[in-house]
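Each remark here refers to the structure printed beneath this line.
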Amino acid sequence: MDIERQFQQYFGKDCLIAAAPGRVNLIGEHTDYNQGFVLPAAIDRHIYIGMAPNEAKKLNLVAPGFGENYSFELDHMHPVKGWPTYLLGMIYMIMPEKRLPHGMDILVSGDVPVGAGMSSSAALCSAFGLALNDFFQLGLSGMQIALQAQKTEHRFAGVQCGIMDPFASLHGKAGHLMKLDCRSLEFEYIPFEFPNIRIILVNSMVSHSLVSSEYNLRRQQCEEGVAILKKYEPAMHSLRDLQLQLLEDHKAELDDIVYKRCHFIVKENQRLLDGCDDLKNNDLDAFGKLMYASHEGLSKEYEVSCMESDFLVNEINKLNGVKGARQMGGGFGGCIITLVEKNEEEKFIRDIQKKYEMQFGKVPDCYVMNIGEGAHILKP
């Protein structure tokens, strides 16, 4: 395989190889860190890690796709700029001594687009976590690796994200979505059995950065809403526990922005639960309407959309054969996830690329996604 050849080229030896997929999320955005529900699926695009020990007593990192290489001392386990911080973070989080016992050579490759909302960072953490777990025989479960990947995002990348992304990367199942309860971490595989439907991501080509203050600000605003409303419902620990009626009864006590954030999360959780029922009933039309409603909330209430994303969803809604569409991921750009009838796939891509180019002067990448398996060891 290509990464094996690359590793031989750079380091001249055999290696362990791990792969972890990116993810899509059909519905349920920004609900994970509010202890709500999400509905992700692993995709057939991956981050690959090649790894082997060295005698240099250093951590050597190479990413041919970026033309970058780094070298760190084994005690250098603290945040740095760029993608190496995720690897350093995973070592710190899951190794018993918070460091490697000896030097390692590591090569990173893959085809998960960076900044498109498919969670390349979670795939990187998941692949490396799995590789460390296998190489050092740590005995960790997929969920334990996912939780340490989340902590890595928090402490090494500065993003207060939820558990969804690494969970989806590590637990994916071909042909299935995963309804995850982000509080209990219980999950259910839900078949996505629509052979005549394609999942197509349309990239706005606007690169977002979850490290930006806006993402963490949304979390703070949600927590502010809980702090104010908790006096009326002492058992409330997060917006997962908030009932719409209680929110409306005390709307006047909330800042307008905090109210909008809370209202979106409450409604988004309900949309997800309703959407799972729709899928089980094979009612993709009803599910698609919930996707459009989700985007409207993301744009107007949670305010994490952008001009380009809103344009795409509006124009996609006018095209034939489309069941639903919405912005996916943290926001402020990235991809629009769409459900499109198979026989309209080529025309859909051609039409939306033309519309977007006329409006913004650039052609959006379109990715046809298949739902795949979660992270796994390719070569021990």
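Within each chain, counting starts at residue 1; across the structure tokens, chains are named A, B, ... in the order shown, with ligands numbered 1 upward in that order.
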
Query raised in the report: DSSP says strand (DSSP E) for which residues of stretch 126-277 of chain A? Put them as a ChimeraX atom specification?
Result: /A:176-181,187-191,197-203

Requested in this report: Write down as a ChimeraX atom specification the residues of stretch 229-313 of chain A whose backbone DSSP state falls under helix (DSSP H, G or I).
Outcome: /A:229,239-241,244-249,251-253,256-280,284-300,307-313

Applying 8 Å and only C-alpha atoms, which residues near A:Leu201 remain after dropping the ones on its own chain fewer than 3 positions away? List them as a PDB file with all heavy atoms, in the first residue's frame.
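part36.pdb, freshly written:
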ATOM      1  N   CYS A 335     -18.240  22.017   4.646  1.00  0.00           N
ATOM      2  CA  CYS A 335     -19.091  21.343   3.661  1.00  0.00           C
ATOM      3  C   CYS A 335     -20.576  21.419   3.980  1.00  0.00           C
ATOM      4  O   CYS A 335     -20.986  21.497   5.138  1.00  0.00           O
ATOM      5  CB  CYS A 335     -18.699  19.873   3.561  1.00  0.00           C
ATOM      6  SG  CYS A 335     -17.162  19.588   2.677  1.00  0.00           S
ATOM      7  N   ILE A 336     -21.356  21.357   2.914  1.00  0.00           N
ATOM      8  CA  ILE A 336     -22.800  21.152   2.989  1.00  0.00           C
ATOM      9  C   ILE A 336     -23.049  19.674   2.706  1.00  0.00           C
ATOM     10  O   ILE A 336     -22.600  19.142   1.689  1.00  0.00           O
ATOM     11  CB  ILE A 336     -23.554  22.008   1.955  1.00  0.00           C
ATOM     12  CG1 ILE A 336     -23.170  23.479   2.095  1.00  0.00           C
ATOM     13  CG2 ILE A 336     -25.053  21.804   2.088  1.00  0.00           C
ATOM     14  CD1 ILE A 336     -23.435  24.088   3.455  1.00  0.00           C
ATOM     15  N   ILE A 337     -23.723  19.000   3.618  1.00  0.00           N
ATOM     16  CA  ILE A 337     -24.052  17.597   3.405  1.00  0.00           C
ATOM     17  C   ILE A 337     -25.421  17.516   2.740  1.00  0.00           C
ATOM     18  O   ILE A 337     -26.375  18.179   3.164  1.00  0.00           O
ATOM     19  CB  ILE A 337     -24.006  16.783   4.720  1.00  0.00           C
ATOM     20  CG1 ILE A 337     -24.297  15.303   4.439  1.00  0.00           C
ATOM     21  CG2 ILE A 337     -24.925  17.356   5.794  1.00  0.00           C
ATOM     22  CD1 ILE A 337     -24.017  14.389   5.614  1.00  0.00           C
ATOM     23  N   THR A 338     -25.516  16.742   1.674  1.00  0.00           N
ATOM     24  CA  THR A 338     -26.766  16.630   0.916  1.00  0.00           C
ATOM     25  C   THR A 338     -27.102  15.169   0.688  1.00  0.00           C
ATOM     26  O   THR A 338     -26.223  14.303   0.615  1.00  0.00           O
ATOM     27  CB  THR A 338     -26.646  17.323  -0.466  1.00  0.00           C
ATOM     28  OG1 THR A 338     -25.694  16.608  -1.263  1.00  0.00           O
ATOM     29  CG2 THR A 338     -26.196  18.763  -0.321  1.00  0.00           C
ATOM     30  N   CYS A 366     -16.762  18.609  -4.790  1.00  0.00           N
ATOM     31  CA  CYS A 366     -17.897  17.782  -4.384  1.00  0.00           C
ATOM     32  C   CYS A 366     -17.395  16.366  -4.127  1.00  0.00           C
ATOM     33  O   CYS A 366     -16.651  15.806  -4.940  1.00  0.00           O
ATOM     34  CB  CYS A 366     -18.977  17.760  -5.470  1.00  0.00           C
ATOM     35  SG  CYS A 366     -19.815  19.345  -5.695  1.00  0.00           S
ATOM     36  N   TYR A 367     -17.771  15.815  -2.990  1.00  0.00           N
ATOM     37  CA  TYR A 367     -17.313  14.488  -2.602  1.00  0.00           C
ATOM     38  C   TYR A 367     -18.522  13.562  -2.459  1.00  0.00           C
ATOM     39  O   TYR A 367     -19.428  13.846  -1.666  1.00  0.00           O
ATOM     40  CB  TYR A 367     -16.572  14.533  -1.261  1.00  0.00           C
ATOM     41  CG  TYR A 367     -15.554  15.639  -1.122  1.00  0.00           C
ATOM     42  CD1 TYR A 367     -15.870  16.814  -0.425  1.00  0.00           C
ATOM     43  CD2 TYR A 367     -14.274  15.514  -1.660  1.00  0.00           C
ATOM     44  CE1 TYR A 367     -14.938  17.823  -0.265  1.00  0.00           C
ATOM     45  CE2 TYR A 367     -13.337  16.525  -1.507  1.00  0.00           C
ATOM     46  CZ  TYR A 367     -13.669  17.680  -0.813  1.00  0.00           C
ATOM     47  OH  TYR A 367     -12.752  18.684  -0.656  1.00  0.00           O
ATOM     48  N   VAL A 368     -18.514  12.474  -3.201  1.00  0.00           N
ATOM     49  CA  VAL A 368     -19.544  11.455  -3.041  1.00  0.00           C
ATOM     50  C   VAL A 368     -19.059  10.481  -1.977  1.00  0.00           C
ATOM     51  O   VAL A 368     -18.005   9.853  -2.132  1.00  0.00           O
ATOM     52  CB  VAL A 368     -19.825  10.721  -4.364  1.00  0.00           C
ATOM     53  CG1 VAL A 368     -20.919   9.680  -4.174  1.00  0.00           C
ATOM     54  CG2 VAL A 368     -20.233  11.718  -5.444  1.00  0.00           C
ATOM     55  N   MET A 369     -19.816  10.377  -0.887  1.00  0.00           N
ATOM     56  CA  MET A 369     -19.371   9.627   0.279  1.00  0.00           C
ATOM     57  C   MET A 369     -20.071   8.277   0.391  1.00  0.00           C
ATOM     58  O   MET A 369     -21.272   8.163   0.133  1.00  0.00           O
ATOM     59  CB  MET A 369     -19.665  10.420   1.555  1.00  0.00           C
ATOM     60  CG  MET A 369     -18.822  11.656   1.714  1.00  0.00           C
ATOM     61  SD  MET A 369     -17.110  11.200   2.024  1.00  0.00           S
ATOM     62  CE  MET A 369     -16.272  12.537   1.212  1.00  0.00           C
TER      63      MET A 369
END

If we count only C-alpha atoms, what is near A:Glu373 at a cut-off of 7 Å, once residues fewer than 6 positions away on the same chain are taken out, given as a PDB file with all heavy atoms, in the first residue's frame?
ATOM      1  N   ALA A  42     -19.059   6.969   9.878  1.00  0.00           N
ATOM      2  CA  ALA A  42     -17.703   6.970   9.339  1.00  0.00           C
ATOM      3  C   ALA A  42     -17.781   6.946   7.813  1.00  0.00           C
ATOM      4  O   ALA A  42     -18.724   6.406   7.237  1.00  0.00           O
ATOM      5  CB  ALA A  42     -16.929   5.756   9.855  1.00  0.00           C
ATOM      6  N   GLY A 172     -17.296   3.393  13.647  1.00  0.00           N
ATOM      7  CA  GLY A 172     -18.083   3.321  12.425  1.00  0.00           C
ATOM      8  C   GLY A 172     -18.391   1.897  11.981  1.00  0.00           C
ATOM      9  O   GLY A 172     -17.640   0.958  12.250  1.00  0.00           O
ATOM     10  N   LYS A 173     -19.511   1.760  11.294  1.00  0.00           N
ATOM     11  CA  LYS A 173     -19.944   0.468  10.754  1.00  0.00           C
ATOM     12  C   LYS A 173     -20.516   0.702   9.363  1.00  0.00           C
ATOM     13  O   LYS A 173     -21.399   1.554   9.175  1.00  0.00           O
ATOM     14  CB  LYS A 173     -21.003  -0.165  11.672  1.00  0.00           C
ATOM     15  CG  LYS A 173     -21.489  -1.537  11.232  1.00  0.00           C
ATOM     16  CD  LYS A 173     -22.488  -2.076  12.252  1.00  0.00           C
ATOM     17  CE  LYS A 173     -23.027  -3.438  11.834  1.00  0.00           C
ATOM     18  NZ  LYS A 173     -24.021  -3.945  12.811  1.00  0.00           N
ATOM     19  N   ALA A 174     -20.015  -0.022   8.387  1.00  0.00           N
ATOM     20  CA  ALA A 174     -20.443   0.184   7.001  1.00  0.00           C
ATOM     21  C   ALA A 174     -21.957   0.068   6.886  1.00  0.00           C
ATOM     22  O   ALA A 174     -22.573  -0.837   7.451  1.00  0.00           O
ATOM     23  CB  ALA A 174     -19.774  -0.841   6.095  1.00  0.00           C
TER      24      ALA A 174
END

Query raised in the report: Leaving out A:Ala146 and any residue of its chain fewer than 4 positions from it, which residues lie within 10 Å of it when counting only C-alpha atoms, given as a PyMOL selection string?
Result: chain A and resi 122+125-126+129-130+140-142+150-152+163-171

**Report entry** 12 Å contact set for A:Asp241, only C-alpha atoms, chain neighbours under 4 positions out, as a PyMOL selection string
**Finding:** chain A and resi 31+34-37+183+225-226+229-230+232-237+245-247+262+265-266+269-270

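For the set A:Val80, A:Val108, A:Ile190, A:Cys222, the residue with the smallest atom-to-atom gap to A:Arg155 is A:Val80, counting only C-alpha atoms.
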
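For the choices A:Met90, A:Leu319, A:Val304, A:Gly103, the atom-to-atom distance to A:Glu73 is smallest for A:Gly103 when using only C-alpha atoms.
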
Query raised in the report: Any idea what's packed within 10 Å of stretch 59-61 of chain A, counting only C-alpha atoms, ignoring anything in its chain fewer than 4 positions away? Could you give it as an MDAnalysis selection string?
Result: chainID A and resid 11 50:51 53:54 68:76 84 87:88 100 102:108

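Taking atom CA of A:Tyr356 and atom CA of A:Asn317 as the two end points, the separation is 13.6 Å.
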
**Report entry** A:Ile91, A:Gly162, A:Gly175, A:Ala20 ranked by distance to A:Val112, top pick (using only C-alpha atoms)
**Finding:** A:Ala20

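Across the model, the gap from atom CA of A:Ile228 to atom CA of A:Leu254 is 7.5 Å.
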